[in-house]
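Asker: Data file upload25.txt (compact mmCIF, C-alpha atoms) is appended below.
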# COMPACT_ATOMS: atom_id res chain seq x y z
CA GLY A 1 0.00 0.00 0.00
CA ASP A 2 0.85 3.65 -0.39
CA THR A 3 -1.36 5.32 2.23
CA VAL A 4 -3.56 4.29 5.15
CA LYS A 5 -6.66 5.94 6.60
CA LEU A 6 -7.53 5.28 10.24
CA LEU A 7 -11.15 5.33 11.45
CA LEU A 8 -12.20 5.25 15.09
CA ASN A 9 -15.84 4.29 15.53
CA GLY A 10 -16.46 5.36 11.93
CA LYS A 11 -14.83 8.79 12.28
CA SER A 12 -11.67 9.50 10.28
CA MET A 13 -8.54 10.05 12.34
CA GLY A 14 -6.56 11.06 9.26
CA ARG A 15 -4.65 9.57 6.38
CA LYS A 16 -0.89 9.00 6.27
CA ARG A 17 1.68 7.78 3.82
CA LEU A 18 3.15 4.36 4.60
CA LYS A 19 6.91 4.25 5.22
CA GLU A 20 8.42 0.76 5.17
CA GLY A 21 4.90 -0.63 5.55
CA LYS A 22 4.09 1.47 8.64
CA ALA A 23 2.26 4.64 9.59
CA GLU A 24 2.08 6.11 13.08
CA PHE A 25 -1.04 7.71 14.54
CA LYS A 26 -1.26 9.14 18.07
CA LEU A 27 -4.73 8.82 19.59
CA ARG A 28 -6.31 8.83 23.01
CA TYR A 29 -7.81 5.44 23.89
CA THR A 30 -11.49 5.21 23.09
CA PRO A 31 -13.40 1.93 23.24
CA GLY A 32 -15.10 0.67 20.11
CA GLU A 33 -13.92 -0.19 16.59
CA LEU A 34 -10.61 0.84 15.05
CA THR A 35 -10.35 0.36 11.27
CA ALA A 36 -7.28 0.79 9.04
CA VAL A 37 -7.98 1.14 5.30
CA VAL A 38 -5.02 0.77 2.92
CA TYR A 39 -4.86 2.46 -0.50
CA ASP A 40 -2.50 1.99 -3.43
CA SER A 41 -0.73 4.86 -5.26
CA GLN A 42 -3.81 5.41 -7.48
CA GLY A 43 -6.06 5.83 -4.42
CA ARG A 44 -7.79 2.45 -4.78
CA GLU A 45 -8.59 0.54 -1.58
CA THR A 46 -6.47 -2.62 -1.37
CA GLY A 47 -7.47 -3.88 2.06
CA GLN A 48 -8.64 -3.14 5.55
CA SER A 49 -8.42 -4.52 9.05
CA GLN A 50 -10.44 -3.93 12.21
CA LEU A 51 -9.82 -4.18 15.94
CA PHE A 52 -12.66 -4.23 18.45
CA SER A 53 -12.51 -3.49 22.16
CA SER A 54 -14.28 -5.44 24.84
CA VAL A 55 -17.38 -3.70 26.20
CA GLY A 56 -19.27 -4.15 29.45
CA ARG A 57 -18.67 -6.36 32.45
CA VAL A 58 -15.93 -8.95 31.93
CA ARG A 59 -17.23 -12.50 32.25
CA LEU A 60 -15.74 -15.99 32.15
CA CYS A 61 -16.52 -18.09 29.07
CA LEU A 62 -15.88 -21.83 28.78
CA GLU A 63 -15.94 -23.45 25.33
CA PRO A 64 -15.35 -27.23 25.43
CA GLU A 65 -14.09 -28.78 22.19
CA LYS A 66 -16.84 -31.40 22.45
CA ALA A 67 -20.12 -31.76 24.35
CA ARG A 68 -20.15 -35.59 24.25
CA LEU A 69 -17.20 -37.69 25.38
CA ALA A 70 -16.32 -41.35 25.71
CA THR A 71 -15.12 -42.76 29.03
CA GLY A 72 -11.42 -41.90 29.41
CA GLU A 73 -11.45 -39.36 26.59
CA VAL A 74 -9.40 -36.18 27.02
CA VAL A 75 -10.83 -32.81 26.03
CA CYS A 76 -9.45 -29.27 26.04
CA VAL A 77 -11.66 -26.47 27.35
CA PRO A 78 -10.56 -22.94 26.41
CA VAL A 79 -11.32 -20.35 29.10
CA THR A 80 -11.71 -16.74 27.97
CA LEU A 81 -12.35 -13.42 29.72
CA ALA A 82 -14.76 -11.53 27.46
CA GLY A 83 -16.96 -8.46 27.55
CA THR A 84 -20.71 -8.58 27.06
CA ASN A 85 -20.09 -8.15 23.32
CA GLY A 86 -18.11 -11.42 23.22
CA VAL A 87 -14.75 -9.74 22.51
CA ARG A 88 -11.81 -11.08 24.52
CA GLU A 89 -10.55 -8.70 27.21
CA CYS A 90 -6.75 -8.79 27.02
CA ALA A 91 -6.06 -6.29 29.80
CA ALA A 92 -7.97 -7.81 32.73
CA ASP A 93 -6.07 -10.98 33.63
CA ARG A 94 -7.33 -12.81 36.70
CA CYS A 95 -6.40 -15.69 38.97
CA LEU A 96 -8.71 -18.65 38.29
CA THR A 97 -9.48 -21.90 40.08
CA ALA A 98 -10.76 -25.02 38.29
CA THR A 99 -12.48 -28.12 39.69
CA VAL A 100 -13.90 -31.20 37.96
CA GLU A 101 -16.73 -33.57 38.88
CA GLY A 102 -17.13 -36.85 37.01
CA GLY A 103 -13.60 -36.83 35.67
CA GLU A 104 -10.08 -35.59 36.26
CA LEU A 105 -8.39 -32.23 35.78
CA LEU A 106 -5.15 -33.10 33.98
CA ALA A 107 -3.84 -29.56 33.49
CA PHE A 108 -4.91 -25.95 33.95
CA GLY A 109 -2.75 -23.09 32.76
CA SER A 110 -2.10 -20.32 30.29
CA ALA A 111 0.36 -19.65 27.50
CA ASN A 112 2.34 -17.24 29.69
CA PRO A 113 5.97 -18.03 28.79
CA ARG A 114 7.28 -16.76 32.13
CA THR A 115 4.83 -18.25 34.61
CA GLU A 116 5.94 -20.08 37.73
CA GLU A 117 2.49 -21.62 38.19
CA ARG A 118 2.09 -25.39 38.13
CA PHE A 119 -0.22 -26.90 35.51
CA ASP A 120 -1.44 -29.58 37.94
CA ALA A 121 -2.45 -27.25 40.80
CA GLY A 122 -5.96 -26.34 39.61
CA GLU A 123 -5.10 -22.63 39.75
CA CYS A 124 -3.71 -20.30 37.12
CA SER A 125 -3.73 -16.71 35.96
CA THR A 126 -5.06 -15.89 32.53
CA TYR A 127 -2.62 -14.55 29.97
CA TYR A 128 -4.04 -11.88 27.67
CA GLY A 129 -7.50 -13.03 28.75
CA ARG A 130 -7.02 -16.74 28.09
CA ALA A 131 -6.36 -20.01 29.87
CA MET A 132 -6.89 -23.70 29.07
CA ALA A 133 -8.22 -26.64 31.08
CA VAL A 134 -7.47 -30.20 30.01
CA VAL A 135 -9.82 -32.80 31.50
CA ARG A 136 -10.31 -36.57 31.23
CA ALA A 137 -13.81 -38.05 31.29
CA GLY A 138 -14.59 -40.53 34.05
CA LYS A 139 -17.41 -43.06 34.11
CA PRO A 140 -20.60 -42.59 32.05
CA GLY A 141 -22.77 -39.68 33.16
CA ARG A 142 -21.80 -36.04 33.34
CA LEU A 143 -18.42 -34.32 33.43
CA VAL A 144 -18.63 -30.85 34.98
CA LEU A 145 -15.76 -28.37 34.81
CA THR A 146 -16.23 -25.37 37.09
CA VAL A 147 -14.00 -22.28 36.88
CA ARG A 148 -14.06 -19.47 39.45
CA ASP A 149 -12.36 -16.08 39.59
CA GLY A 150 -13.48 -14.83 43.00
CA SER A 151 -16.59 -13.00 41.84
CA GLN A 152 -17.88 -15.41 39.19
CA GLU A 153 -18.38 -19.13 38.80
CA VAL A 154 -19.05 -20.76 35.42
CA SER A 155 -19.49 -24.44 34.57
CA ALA A 156 -19.27 -26.46 31.38
CA VAL A 157 -21.23 -29.71 31.34
CA MET A 158 -20.28 -32.54 29.01
CA ASP A 159 -22.04 -35.89 28.60
CA VAL A 160 -19.89 -38.99 29.08
CA GLU A 161 -20.94 -42.15 27.26
CA GLY A 162 -19.74 -45.66 28.05
Go ahead and render the structure in this file as structure tokens.

Answerer:
Amino acid sequence: GDTVKLLLNGKSMGRKRLKEGKAEFKLRYTPGELTAVVYDSQGRETGQSQLFSSVGRVRLCLEPEKARLATGEVVCVPVTLAGTNGVRECAADRCLTATVEGGELLAFGSANPRTEERFDAGECSTYYGRAMAVVRAGKPGRLVLTVRDGSQEVSAVMDVEG
């Protein structure tokens, strides 16, 4: 691209020439949608990209890979801190606790490359709003993973078949 236009919540924040593929804009943080539109030297749009901010109260979200498991099967359950609009909140990391009924918690942690937390302790801090629980299904029935952060408690229920 030749130039880029930056829009904040639909309002233009200016247009700048790209230098070595970059343009620098100085803005005050405002929640919402940030859009960069790239133009070629003839002024034709060649692409765009958006960033969205999390809005509202941050909540815990559990998203198991599968809802139905076989006895002994292992499943990963991503844990995300998200606003009411479903956008991940990267700047509100929290200490979480995980427990499992009807199975076994094999690991609970984040992708933090410098953590000193143990993956087998049932506690971890999110990293950029994310963590992961790895659980093994027990006997037929229900497997319930519960994650708490002090003010919230959320559970994911999975069916275990024999």

Asker: Would you please work out which residue, of A:Ser155, A:Val79, A:Ala98, A:Lys5, is nearest to A:Thr126 when using only C-alpha atoms?

Answerer: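 Closest to A:Thr126 of all the choices is A:Val79.
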
Asker: Smallest atom-to-atom distance to A:Leu96: which of A:Val77, A:Leu8, A:Met132, A:Ala111, using all atoms listed in the file?

Answerer: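 Nearest to A:Leu96: A:Met132.
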
Asker: What does the distance from atom CA of A:Val37 to atom CA of A:Arg15 come to in Å, to one decimal?

Answerer: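 Spanning atom CA of A:Val37 to atom CA of A:Arg15 is a straight-line distance of 9.1 Å.
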
Asker: Considering only C-alpha atoms, return as a compact mmCIF listing (two decimals) with C-alpha atoms, in the frame of the given file whatever protein or nucleic-acid residues lie within 9 Å of A:Glu123, sequence-local ones (same chain, fewer than 3 positions apart) excluded.

Answerer:
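The resulting result.txt:
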# COMPACT_ATOMS: atom_id res chain seq x y z
CA CYS A 95 -6.40 -15.69 38.97
CA LEU A 96 -8.71 -18.65 38.29
CA THR A 97 -9.48 -21.90 40.08
CA ALA A 98 -10.76 -25.02 38.29
CA PHE A 108 -4.91 -25.95 33.95
CA GLY A 109 -2.75 -23.09 32.76
CA GLU A 117 2.49 -21.62 38.19
CA ARG A 118 2.09 -25.39 38.13
CA PHE A 119 -0.22 -26.90 35.51
CA ASP A 120 -1.44 -29.58 37.94

Asker: Using only C-alpha atoms for the distances, tell me which of A:Val87, A:Cys124, A:Leu105, A:Ala82 is nearest to A:Thr146.

Answerer: A:Leu105

Asker: List every protein, DNA or RNA residue that has at least one atom no more than 8 Å from (-19.9, -15.9, 26.6) in the file's coordinates, counting all atoms listed in the file, and write the result as a PyMOL selection string.

Answerer: chain A and resi 59-62+82+84+86

Asker: What does the distance between atom CA of A:Ser54 and atom CA of A:Asn9 come to in Å, to one decimal place?

Answerer: 13.6 Å

Asker: Restricted to N, CA and C atoms, what does stretch 90-111 of chain A look like when written out as a short mmCIF file (atom, residue, chain, number, x, y, z; two decimals), in the first residue's frame?

Answerer:
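Generated file (result36.cif):
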data_model
loop_
_atom_site.label_atom_id
_atom_site.label_comp_id
_atom_site.auth_asym_id
_atom_site.auth_seq_id
_atom_site.Cartn_x
_atom_site.Cartn_y
_atom_site.Cartn_z
N CYS A 90 -8.17 -8.45 26.87
CA CYS A 90 -6.75 -8.79 27.02
C CYS A 90 -6.09 -8.12 28.21
N ALA A 91 -6.71 -7.10 28.76
CA ALA A 91 -6.06 -6.29 29.80
C ALA A 91 -6.69 -6.47 31.17
N ALA A 92 -7.31 -7.60 31.43
CA ALA A 92 -7.97 -7.81 32.73
C ALA A 92 -7.67 -9.20 33.26
N ASP A 93 -6.41 -9.63 33.19
CA ASP A 93 -6.07 -10.98 33.63
C ASP A 93 -6.44 -11.20 35.09
N ARG A 94 -6.85 -12.45 35.38
CA ARG A 94 -7.33 -12.81 36.70
C ARG A 94 -6.80 -14.17 37.12
N CYS A 95 -6.76 -14.39 38.43
CA CYS A 95 -6.40 -15.69 38.97
C CYS A 95 -7.67 -16.56 38.98
N LEU A 96 -7.56 -17.75 38.40
CA LEU A 96 -8.71 -18.65 38.29
C LEU A 96 -8.45 -19.95 39.04
N THR A 97 -9.53 -20.59 39.45
CA THR A 97 -9.48 -21.90 40.08
C THR A 97 -10.40 -22.82 39.29
N ALA A 98 -9.96 -24.05 39.03
CA ALA A 98 -10.76 -25.02 38.29
C ALA A 98 -10.95 -26.29 39.10
N THR A 99 -12.17 -26.83 39.06
CA THR A 99 -12.48 -28.12 39.69
C THR A 99 -13.28 -28.95 38.69
N VAL A 100 -13.21 -30.29 38.87
CA VAL A 100 -13.90 -31.20 37.96
C VAL A 100 -14.69 -32.22 38.78
N GLU A 101 -15.91 -32.49 38.34
CA GLU A 101 -16.73 -33.57 38.88
C GLU A 101 -16.99 -34.55 37.75
N GLY A 102 -16.87 -35.84 38.03
CA GLY A 102 -17.13 -36.85 37.01
C GLY A 102 -15.96 -37.07 36.07
N GLY A 103 -14.79 -36.67 36.49
CA GLY A 103 -13.60 -36.83 35.67
C GLY A 103 -12.38 -36.34 36.41
N GLU A 104 -11.34 -36.00 35.66
CA GLU A 104 -10.08 -35.59 36.26
C GLU A 104 -9.53 -34.36 35.54
N LEU A 105 -9.06 -33.40 36.33
CA LEU A 105 -8.39 -32.23 35.78
C LEU A 105 -6.93 -32.62 35.56
N LEU A 106 -6.52 -32.70 34.30
CA LEU A 106 -5.15 -33.10 33.98
C LEU A 106 -4.20 -31.91 34.00
N ALA A 107 -4.69 -30.75 33.53
CA ALA A 107 -3.84 -29.56 33.49
C ALA A 107 -4.73 -28.32 33.42
N PHE A 108 -4.21 -27.24 34.00
CA PHE A 108 -4.91 -25.95 33.95
C PHE A 108 -3.84 -24.88 33.94
N GLY A 109 -3.79 -24.10 32.86
CA GLY A 109 -2.75 -23.09 32.76
C GLY A 109 -3.00 -22.14 31.61
N SER A 110 -2.02 -21.29 31.37
CA SER A 110 -2.10 -20.32 30.29
C SER A 110 -0.86 -20.45 29.42
N ALA A 111 -0.80 -19.63 28.39
CA ALA A 111 0.36 -19.65 27.50
C ALA A 111 1.45 -18.69 27.96
#
